[in-house]
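**Q** The following file, query-v5.pdb, comprises PDB, C-alpha atoms and all ligand atoms:
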ATOM      1  CA  MET A  22     277.050 -49.289 124.253  1.00  0.00           C
ATOM      2  CA  PHE A  23     277.894 -50.654 120.805  1.00  0.00           C
ATOM      3  CA  HIS A  24     281.007 -52.509 121.997  1.00  0.00           C
ATOM      4  CA  THR A  25     279.007 -54.465 124.527  1.00  0.00           C
ATOM      5  CA  ILE A  26     275.924 -55.534 122.530  1.00  0.00           C
ATOM      6  CA  THR A  27     275.195 -59.082 123.691  1.00  0.00           C
ATOM      7  CA  PRO A  28     275.180 -61.979 121.178  1.00  0.00           C
ATOM      8  CA  GLU A  29     271.452 -62.464 121.933  1.00  0.00           C
ATOM      9  CA  ILE A  30     270.607 -58.847 120.996  1.00  0.00           C
ATOM     10  CA  LYS A  31     272.858 -58.983 117.918  1.00  0.00           C
ATOM     11  CA  THR A  32     271.242 -62.222 116.692  1.00  0.00           C
ATOM     12  CA  ARG A  33     267.705 -60.839 117.066  1.00  0.00           C
ATOM     13  CA  MET A  34     268.673 -57.534 115.387  1.00  0.00           C
ATOM     14  CA  LEU A  35     270.066 -59.421 112.374  1.00  0.00           C
ATOM     15  CA  TYR A  36     266.972 -61.641 112.196  1.00  0.00           C
ATOM     16  CA  LEU A  37     264.652 -58.595 112.232  1.00  0.00           C
ATOM     17  CA  GLU A  38     266.784 -56.717 109.676  1.00  0.00           C
ATOM     18  CA  GLU A  39     266.460 -59.667 107.273  1.00  0.00           C
ATOM     19  CA  LYS A  40     262.720 -60.043 107.940  1.00  0.00           C
ATOM     20  CA  ASP A  41     262.157 -56.315 107.346  1.00  0.00           C
ATOM     21  CA  GLN A  42     264.030 -56.454 104.009  1.00  0.00           C
ATOM     22  CA  LEU A  43     262.015 -59.498 102.926  1.00  0.00           C
ATOM     23  CA  ASP A  44     258.722 -57.799 103.933  1.00  0.00           C
ATOM     24  CA  ARG A  45     259.528 -54.927 101.577  1.00  0.00           C
ATOM     25  CA  LYS A  46     260.056 -57.275  98.597  1.00  0.00           C
ATOM     26  CA  ASP A  47     257.548 -60.103  98.989  1.00  0.00           C
ATOM     27  CA  GLY A  48     254.236 -58.216  98.906  1.00  0.00           C
ATOM     28  CA  THR A  49     253.501 -58.470 102.665  1.00  0.00           C
ATOM     29  CA  PRO A  50     250.534 -56.105 103.321  1.00  0.00           C
ATOM     30  CA  ARG A  51     251.555 -52.742 104.800  1.00  0.00           C
ATOM     31  CA  MET A  52     250.002 -53.239 108.242  1.00  0.00           C
ATOM     32  CA  GLN A  53     251.784 -56.578 108.657  1.00  0.00           C
ATOM     33  CA  ARG A  54     255.193 -55.238 107.574  1.00  0.00           C
ATOM     34  CA  LEU A  55     257.720 -54.400 110.297  1.00  0.00           C
ATOM     35  CA  ARG A  56     258.541 -50.974 108.770  1.00  0.00           C
ATOM     36  CA  GLN A  57     261.712 -50.668 110.862  1.00  0.00           C
ATOM     37  CA  ILE A  58     264.319 -47.962 111.092  1.00  0.00           C
ATOM     38  CA  PRO A  59     267.695 -48.754 109.448  1.00  0.00           C
ATOM     39  CA  PRO A  60     270.663 -49.650 111.712  1.00  0.00           C
ATOM     40  CA  GLU A  61     272.341 -46.216 111.364  1.00  0.00           C
ATOM     41  CA  THR A  62     269.189 -44.571 112.737  1.00  0.00           C
ATOM     42  CA  GLY A  63     269.237 -47.112 115.578  1.00  0.00           C
ATOM     43  CA  LYS A  64     272.766 -46.077 116.540  1.00  0.00           C
ATOM     44  CA  PHE A  65     271.836 -42.411 116.327  1.00  0.00           C
ATOM     45  CA  LEU A  66     268.823 -42.973 118.611  1.00  0.00           C
ATOM     46  CA  SER A  67     270.936 -44.888 121.160  1.00  0.00           C
ATOM     47  CA  ILE A  68     273.389 -42.018 121.392  1.00  0.00           C
ATOM     48  CA  LEU A  69     270.651 -39.366 121.659  1.00  0.00           C
ATOM     49  CA  ALA A  70     268.757 -41.359 124.304  1.00  0.00           C
ATOM     50  CA  ALA A  71     271.904 -42.027 126.324  1.00  0.00           C
ATOM     51  CA  SER A  72     272.723 -38.299 126.228  1.00  0.00           C
ATOM     52  CA  SER A  73     269.268 -37.020 127.216  1.00  0.00           C
ATOM     53  CA  PRO A  74     268.600 -35.646 130.720  1.00  0.00           C
ATOM     54  CA  SER A  75     267.100 -37.627 133.626  1.00  0.00           C
ATOM     55  CA  GLY A  76     263.497 -38.710 133.162  1.00  0.00           C
ATOM     56  CA  ASN A  77     261.309 -41.243 131.392  1.00  0.00           C
ATOM     57  CA  MET A  78     262.254 -42.818 128.062  1.00  0.00           C
ATOM     58  CA  ILE A  79     259.342 -43.656 125.764  1.00  0.00           C
ATOM     59  CA  GLU A  80     258.657 -44.928 122.251  1.00  0.00           C
ATOM     60  CA  VAL A  81     255.435 -44.697 120.216  1.00  0.00           C
ATOM     61  CA  GLY A  82     255.263 -47.558 117.662  1.00  0.00           C
ATOM     62  CA  THR A  83     257.122 -50.695 118.793  1.00  0.00           C
ATOM     63  CA  SER A  84     256.419 -53.011 115.846  1.00  0.00           C
ATOM     64  CA  ALA A  85     258.611 -56.098 116.491  1.00  0.00           C
ATOM     65  CA  GLY A  86     260.882 -54.181 118.878  1.00  0.00           C
ATOM     66  CA  TYR A  87     263.839 -53.501 116.557  1.00  0.00           C
ATOM     67  CA  SER A  88     264.155 -49.769 117.343  1.00  0.00           C
ATOM     68  CA  THR A  89     263.376 -50.612 120.984  1.00  0.00           C
ATOM     69  CA  LEU A  90     266.480 -52.841 121.104  1.00  0.00           C
ATOM     70  CA  TRP A  91     268.647 -49.868 120.110  1.00  0.00           C
ATOM     71  CA  LEU A  92     266.949 -47.707 122.758  1.00  0.00           C
ATOM     72  CA  ILE A  93     267.389 -50.465 125.341  1.00  0.00           C
ATOM     73  CA  LEU A  94     271.165 -50.087 124.922  1.00  0.00           C
ATOM     74  CA  ALA A  95     270.722 -46.571 126.322  1.00  0.00           C
ATOM     75  CA  ALA A  96     268.175 -47.723 128.926  1.00  0.00           C
ATOM     76  CA  LYS A  97     270.695 -50.274 130.242  1.00  0.00           C
ATOM     77  CA  LEU A  98     273.353 -47.584 130.511  1.00  0.00           C
ATOM     78  CA  ARG A  99     270.916 -45.341 132.418  1.00  0.00           C
ATOM     79  CA  ASN A 100     269.665 -48.283 134.496  1.00  0.00           C
ATOM     80  CA  GLN A 101     266.006 -47.661 133.668  1.00  0.00           C
ATOM     81  CA  LYS A 102     263.189 -49.072 131.523  1.00  0.00           C
ATOM     82  CA  ILE A 103     261.962 -47.786 128.200  1.00  0.00           C
ATOM     83  CA  ILE A 104     258.172 -47.598 127.945  1.00  0.00           C
ATOM     84  CA  THR A 105     257.046 -48.566 124.427  1.00  0.00           C
ATOM     85  CA  PHE A 106     253.518 -48.441 122.954  1.00  0.00           C
ATOM     86  CA  GLU A 107     252.077 -50.727 120.282  1.00  0.00           C
ATOM     87  CA  LEU A 108     248.518 -51.044 119.008  1.00  0.00           C
ATOM     88  CA  LEU A 109     248.449 -54.339 117.087  1.00  0.00           C
ATOM     89  CA  GLU A 110     248.206 -57.788 118.713  1.00  0.00           C
ATOM     90  CA  GLU A 111     250.444 -59.459 116.089  1.00  0.00           C
ATOM     91  CA  LYS A 112     253.211 -56.892 116.580  1.00  0.00           C
ATOM     92  CA  ILE A 113     252.919 -57.232 120.363  1.00  0.00           C
ATOM     93  CA  LYS A 114     253.548 -60.987 120.035  1.00  0.00           C
ATOM     94  CA  LEU A 115     256.640 -60.395 117.898  1.00  0.00           C
ATOM     95  CA  ALA A 116     257.948 -57.700 120.272  1.00  0.00           C
ATOM     96  CA  LYS A 117     257.507 -59.980 123.299  1.00  0.00           C
ATOM     97  CA  GLU A 118     259.467 -62.652 121.433  1.00  0.00           C
ATOM     98  CA  THR A 119     262.175 -60.088 120.636  1.00  0.00           C
ATOM     99  CA  PHE A 120     262.538 -59.015 124.267  1.00  0.00           C
ATOM    100  CA  ARG A 121     262.480 -62.605 125.572  1.00  0.00           C
ATOM    101  CA  LEU A 122     265.091 -63.899 123.103  1.00  0.00           C
ATOM    102  CA  SER A 123     267.292 -60.837 123.576  1.00  0.00           C
ATOM    103  CA  ILE A 124     267.118 -61.208 127.393  1.00  0.00           C
ATOM    104  CA  VAL A 125     266.241 -57.534 127.898  1.00  0.00           C
ATOM    105  CA  GLU A 126     262.849 -57.849 129.637  1.00  0.00           C
ATOM    106  CA  PRO A 127     264.019 -55.976 132.796  1.00  0.00           C
ATOM    107  CA  PHE A 128     264.697 -52.897 130.648  1.00  0.00           C
ATOM    108  CA  VAL A 129     261.406 -52.650 128.764  1.00  0.00           C
ATOM    109  CA  ASP A 130     257.783 -51.902 129.639  1.00  0.00           C
ATOM    110  CA  LEU A 131     255.667 -52.888 126.587  1.00  0.00           C
ATOM    111  CA  ARG A 132     252.197 -51.351 126.709  1.00  0.00           C
ATOM    112  CA  GLN A 133     249.467 -52.511 124.357  1.00  0.00           C
ATOM    113  CA  GLY A 134     246.923 -50.004 123.111  1.00  0.00           C
ATOM    114  CA  ASP A 135     246.517 -46.646 121.457  1.00  0.00           C
ATOM    115  CA  ALA A 136     249.442 -44.500 122.557  1.00  0.00           C
ATOM    116  CA  LEU A 137     247.328 -41.375 122.123  1.00  0.00           C
ATOM    117  CA  LYS A 138     245.024 -42.579 124.896  1.00  0.00           C
ATOM    118  CA  ASN A 139     247.877 -43.647 127.182  1.00  0.00           C
ATOM    119  CA  LEU A 140     250.377 -40.816 126.799  1.00  0.00           C
ATOM    120  CA  ASP A 141     248.444 -38.747 129.332  1.00  0.00           C
ATOM    121  CA  LEU A 142     249.591 -41.134 132.080  1.00  0.00           C
ATOM    122  CA  ILE A 143     253.296 -40.360 131.556  1.00  0.00           C
ATOM    123  CA  ASN A 144     255.114 -37.282 132.850  1.00  0.00           C
ATOM    124  CA  ASP A 145     258.743 -36.095 133.020  1.00  0.00           C
ATOM    125  CA  ILE A 146     259.714 -37.346 129.570  1.00  0.00           C
ATOM    126  CA  ALA A 147     263.457 -37.114 128.857  1.00  0.00           C
ATOM    127  CA  PHE A 148     263.393 -38.897 125.509  1.00  0.00           C
ATOM    128  CA  CYS A 149     260.627 -39.908 123.115  1.00  0.00           C
ATOM    129  CA  PHE A 150     260.972 -41.721 119.783  1.00  0.00           C
ATOM    130  CA  LEU A 151     257.860 -41.140 117.665  1.00  0.00           C
ATOM    131  CA  ASP A 152     257.322 -43.767 114.936  1.00  0.00           C
ATOM    132  CA  CYS A 153     253.598 -44.582 114.595  1.00  0.00           C
ATOM    133  CA  GLU A 154     251.203 -43.684 111.738  1.00  0.00           C
ATOM    134  CA  LYS A 155     252.385 -40.357 110.347  1.00  0.00           C
ATOM    135  CA  GLU A 156     248.874 -38.836 110.472  1.00  0.00           C
ATOM    136  CA  LEU A 157     249.036 -39.105 114.296  1.00  0.00           C
ATOM    137  CA  TYR A 158     252.331 -37.262 114.782  1.00  0.00           C
ATOM    138  CA  PHE A 159     250.910 -33.768 115.324  1.00  0.00           C
ATOM    139  CA  GLU A 160     248.444 -35.007 117.929  1.00  0.00           C
ATOM    140  CA  CYS A 161     251.273 -36.865 119.688  1.00  0.00           C
ATOM    141  CA  TYR A 162     253.468 -33.755 119.474  1.00  0.00           C
ATOM    142  CA  LYS A 163     250.807 -31.691 121.260  1.00  0.00           C
ATOM    143  CA  LYS A 164     250.638 -34.252 124.070  1.00  0.00           C
ATOM    144  CA  ILE A 165     254.393 -34.874 124.414  1.00  0.00           C
ATOM    145  CA  ILE A 166     255.976 -31.409 124.251  1.00  0.00           C
ATOM    146  CA  PRO A 167     254.360 -30.118 127.497  1.00  0.00           C
ATOM    147  CA  LYS A 168     255.569 -33.274 129.271  1.00  0.00           C
ATOM    148  CA  LEU A 169     259.229 -33.044 128.170  1.00  0.00           C
ATOM    149  CA  VAL A 170     261.682 -32.100 130.907  1.00  0.00           C
ATOM    150  CA  LYS A 171     264.075 -29.208 130.202  1.00  0.00           C
ATOM    151  CA  GLY A 172     266.588 -30.456 127.600  1.00  0.00           C
ATOM    152  CA  GLY A 173     264.351 -33.447 126.833  1.00  0.00           C
ATOM    153  CA  LEU A 174     264.176 -34.723 123.240  1.00  0.00           C
ATOM    154  CA  LEU A 175     261.312 -35.666 120.931  1.00  0.00           C
ATOM    155  CA  VAL A 176     262.679 -37.504 117.868  1.00  0.00           C
ATOM    156  CA  CYS A 177     260.241 -38.019 114.971  1.00  0.00           C
ATOM    157  CA  ASP A 178     261.025 -40.619 112.296  1.00  0.00           C
ATOM    158  CA  ASN A 179     260.253 -40.381 108.542  1.00  0.00           C
ATOM    159  CA  ALA A 180     260.703 -36.614 108.445  1.00  0.00           C
ATOM    160  CA  ILE A 181     262.131 -36.793 104.903  1.00  0.00           C
ATOM    161  CA  ASN A 182     260.255 -39.657 103.222  1.00  0.00           C
ATOM    162  CA  HIS A 183     256.919 -38.462 104.700  1.00  0.00           C
ATOM    163  CA  ARG A 184     257.785 -34.763 104.614  1.00  0.00           C
ATOM    164  CA  GLU A 185     254.397 -33.693 103.211  1.00  0.00           C
ATOM    165  CA  THR A 186     252.359 -35.530 105.850  1.00  0.00           C
ATOM    166  CA  LEU A 187     254.565 -34.158 108.618  1.00  0.00           C
ATOM    167  CA  ALA A 188     254.707 -30.607 107.220  1.00  0.00           C
ATOM    168  CA  THR A 189     251.968 -29.154 109.443  1.00  0.00           C
ATOM    169  CA  MET A 190     253.662 -30.460 112.599  1.00  0.00           C
ATOM    170  CA  MET A 191     257.171 -29.459 111.499  1.00  0.00           C
ATOM    171  CA  ASN A 192     256.096 -25.947 110.460  1.00  0.00           C
ATOM    172  CA  TYR A 193     254.319 -25.521 113.801  1.00  0.00           C
ATOM    173  CA  ALA A 194     257.379 -26.786 115.723  1.00  0.00           C
ATOM    174  CA  GLU A 195     259.712 -24.374 113.848  1.00  0.00           C
ATOM    175  CA  LYS A 196     257.766 -21.462 115.387  1.00  0.00           C
ATOM    176  CA  ASP A 197     257.099 -23.124 118.769  1.00  0.00           C
ATOM    177  CA  GLN A 198     259.048 -21.137 121.406  1.00  0.00           C
ATOM    178  CA  ARG A 199     259.098 -24.151 123.738  1.00  0.00           C
ATOM    179  CA  VAL A 200     261.535 -26.094 121.510  1.00  0.00           C
ATOM    180  CA  ASP A 201     264.618 -25.841 119.306  1.00  0.00           C
ATOM    181  CA  VAL A 202     264.330 -28.067 116.241  1.00  0.00           C
ATOM    182  CA  VAL A 203     266.546 -29.578 113.545  1.00  0.00           C
ATOM    183  CA  LEU A 204     266.008 -32.037 110.696  1.00  0.00           C
ATOM    184  CA  VAL A 205     268.842 -34.584 110.499  1.00  0.00           C
ATOM    185  CA  PRO A 206     269.274 -36.393 107.137  1.00  0.00           C
ATOM    186  CA  ILE A 207     270.011 -39.848 108.548  1.00  0.00           C
ATOM    187  CA  GLY A 208     267.943 -42.879 107.530  1.00  0.00           C
ATOM    188  CA  LYS A 209     264.458 -41.667 106.578  1.00  0.00           C
ATOM    189  CA  GLY A 210     265.050 -38.273 108.269  1.00  0.00           C
ATOM    190  CA  GLU A 211     264.896 -37.541 111.995  1.00  0.00           C
ATOM    191  CA  PHE A 212     263.149 -34.364 113.129  1.00  0.00           C
ATOM    192  CA  ILE A 213     264.497 -33.500 116.576  1.00  0.00           C
ATOM    193  CA  CYS A 214     262.764 -31.167 119.032  1.00  0.00           C
ATOM    194  CA  ARG A 215     264.688 -30.163 122.203  1.00  0.00           C
ATOM    195  CA  LYS A 216     262.736 -28.547 125.037  1.00  0.00           C
ATOM    196  CA  VAL A 217     264.300 -25.199 125.947  1.00  0.00           C
TER     197      VAL A 217
HETATM  198  C1  LIG B 301     256.779 -47.784 111.523  1.00  0.00           C
HETATM  199  S1  LIG B 301     256.211 -49.019 112.616  1.00  0.00           S
HETATM  200  C2  LIG B 301     257.334 -48.913 113.977  1.00  0.00           C
HETATM  201  C3  LIG B 301     258.693 -49.469 113.661  1.00  0.00           C
HETATM  202  C4  LIG B 301     259.612 -49.560 114.878  1.00  0.00           C
HETATM  203  N1  LIG B 301     259.697 -48.274 115.546  1.00  0.00           N
HETATM  204  C5  LIG B 301     260.990 -49.981 114.454  1.00  0.00           C
HETATM  205  O1  LIG B 301     261.723 -49.148 113.872  1.00  0.00           O
HETATM  206  O2  LIG B 301     261.369 -51.140 114.709  1.00  0.00           O
HETATM  207  C6  LIG B 301     254.779 -48.232 113.289  1.00  0.00           C
HETATM  208  C7  LIG B 301     254.103 -49.044 114.375  1.00  0.00           C
HETATM  209  O3  LIG B 301     253.221 -48.153 115.095  1.00  0.00           O
HETATM  210  C8  LIG B 301     252.083 -48.882 115.494  1.00  0.00           C
HETATM  211  N2  LIG B 301     251.014 -47.899 115.792  1.00  0.00           N
HETATM  212  C9  LIG B 301     250.285 -47.198 114.905  1.00  0.00           C
HETATM  213  N3  LIG B 301     249.420 -46.373 115.531  1.00  0.00           N
HETATM  214  C10 LIG B 301     249.613 -46.561 116.864  1.00  0.00           C
HETATM  215  C11 LIG B 301     249.033 -46.005 118.035  1.00  0.00           C
HETATM  216  N4  LIG B 301     248.052 -45.098 117.955  1.00  0.00           N
HETATM  217  N5  LIG B 301     249.482 -46.420 119.237  1.00  0.00           N
HETATM  218  C12 LIG B 301     250.469 -47.351 119.322  1.00  0.00           C
HETATM  219  N6  LIG B 301     251.069 -47.909 118.242  1.00  0.00           N
HETATM  220  C13 LIG B 301     250.647 -47.537 117.031  1.00  0.00           C
HETATM  221  C14 LIG B 301     251.811 -49.778 114.287  1.00  0.00           C
HETATM  222  O4  LIG B 301     250.987 -50.864 114.614  1.00  0.00           O
HETATM  223  C15 LIG B 301     253.223 -50.165 113.857  1.00  0.00           C
HETATM  224  O5  LIG B 301     253.616 -51.404 114.423  1.00  0.00           O
END
Represent the supplied structure as structure tokens.
**A**
Amino acid sequence: MFHTITPEIKTRMLYLEEKDQLDRKDGTPRMQRLRQIPPETGKFLSILAASSPSGNMIEVGTSAGYSTLWLILAAKLRNQKIITFELLEEKIKLAKETFRLSIVEPFVDLRQGDALKNLDLINDIAFCFLDCEKELYFECYKKIIPKLVKGGLLVCDNAINHRETLATMMNYAEKDQRVDVVLVPIGKGEFICRKV
């Protein structure tokens, strides 16, 4: 996957990495910032997604599509689309630009709207990357876990830097007999739930 990243994807990834760094320094308001994962988390997600069982790949929280590009590397390998949800119009515009310039439109299904309202339409989830507002994670968890296929993965971002906000969900998941869980200290912390 990483040896065959196209120049178009690489160029857009670098552009978004620079924009994200600038956002964090120049006082851009929080809701306008890209708030992206770092590249090492992107690689980790690609490998997890490529290794997950057969089924749908989804993402909650597209922003400008940076993490989606990493997941698309796995989607290409699996010859399927990743379904990604984003709420904000401005972010949708940026994500569309990302997918057009990176020439990956056949591998992505970008859905605008509140993921919480739209998750009910998706079944047989093999892989889900959860990266929306942290206060929504537990509600998303309750919707996603029953829909994961056996061996399917739910990967939740910001499990270390937002540990307190995510504590209720993570404590619940630790005792949830439907999943095995582990917290991986990469990037901002990835909390992984695997359906047993
Ligand atoms: C942390 S950013 C995502 C960053 C992106 N995953 C990346 O690494 O490139 C969170 C995004 O989730 C979106 N979001 C928040 N609540 C949402 C919801 N209920 N449904 C869909 N998207 C939502 C926000 O608008 C924001 O763009």
**Q** List the neighbours of Ser88 of chain A out to 12 Å using all atoms listed in the file; skip same-chain residues closer than 3 positions along the sequence, and give me the result as a VMD selection string.
**A** chain A and resid 30 33 to 34 37 to 38 55 to 67 70 79 to 85 91 to 95 103 105 116 119 to 120 149 to 152 178
**Q** For the structure provided, state which residues fall under the PyMOL selection byres (((chain A and resi 184) around 12) and not hetatm), and present them as a ChimeraX atom specification.
**A** /A:155-156,158,177-183,185-192,204,206,209-212
**Q** Find the residues around segment 193-197 of chain A up to 10 Å (only C-alpha atoms counted), leave out those fewer than 4 positions away in its own chain, and share them as a PyMOL selection string.
**A** chain A and resi 159+162-163+166+188-189+201-203+212-214
**Q** Would you compute the distance between atom CA of Asn139 of chain A and atom CA of Glu126 of chain A? Give it in Å to one decimal.
**A**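 Spanning atom CA of Asn139 of chain A to atom CA of Glu126 of chain A is a straight-line distance of 20.8 Å.
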**Q** I need the residue nearest ligand LIG 301 (chain B) from this list: A:Thr89, A:Thr25, A:Ser73, A:Ser123. Use all atoms listed in the file for the distance.
**A** A:Thr89
**Q** Nearest to ligand LIG 301 (chain B): which of A:Tyr36, A:Phe106, A:Phe23, A:Phe148 is it, counting all atoms listed in the file?
**A** A:Phe106
**Q** Applying 6 Å and only C-alpha atoms, which residues near Val217 of chain A remain after dropping the ones on its own chain fewer than 4 positions away? List them as an MDAnalysis selection string.
**A** chainID A and resid 171:172 199:200
**Q** Have a look at atom CA of Lys40 of chain A and atom CA of Arg132 of chain A and let me know their distance in Å, one decimal.
**A**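 Those two atoms sit 23.2 Å apart.
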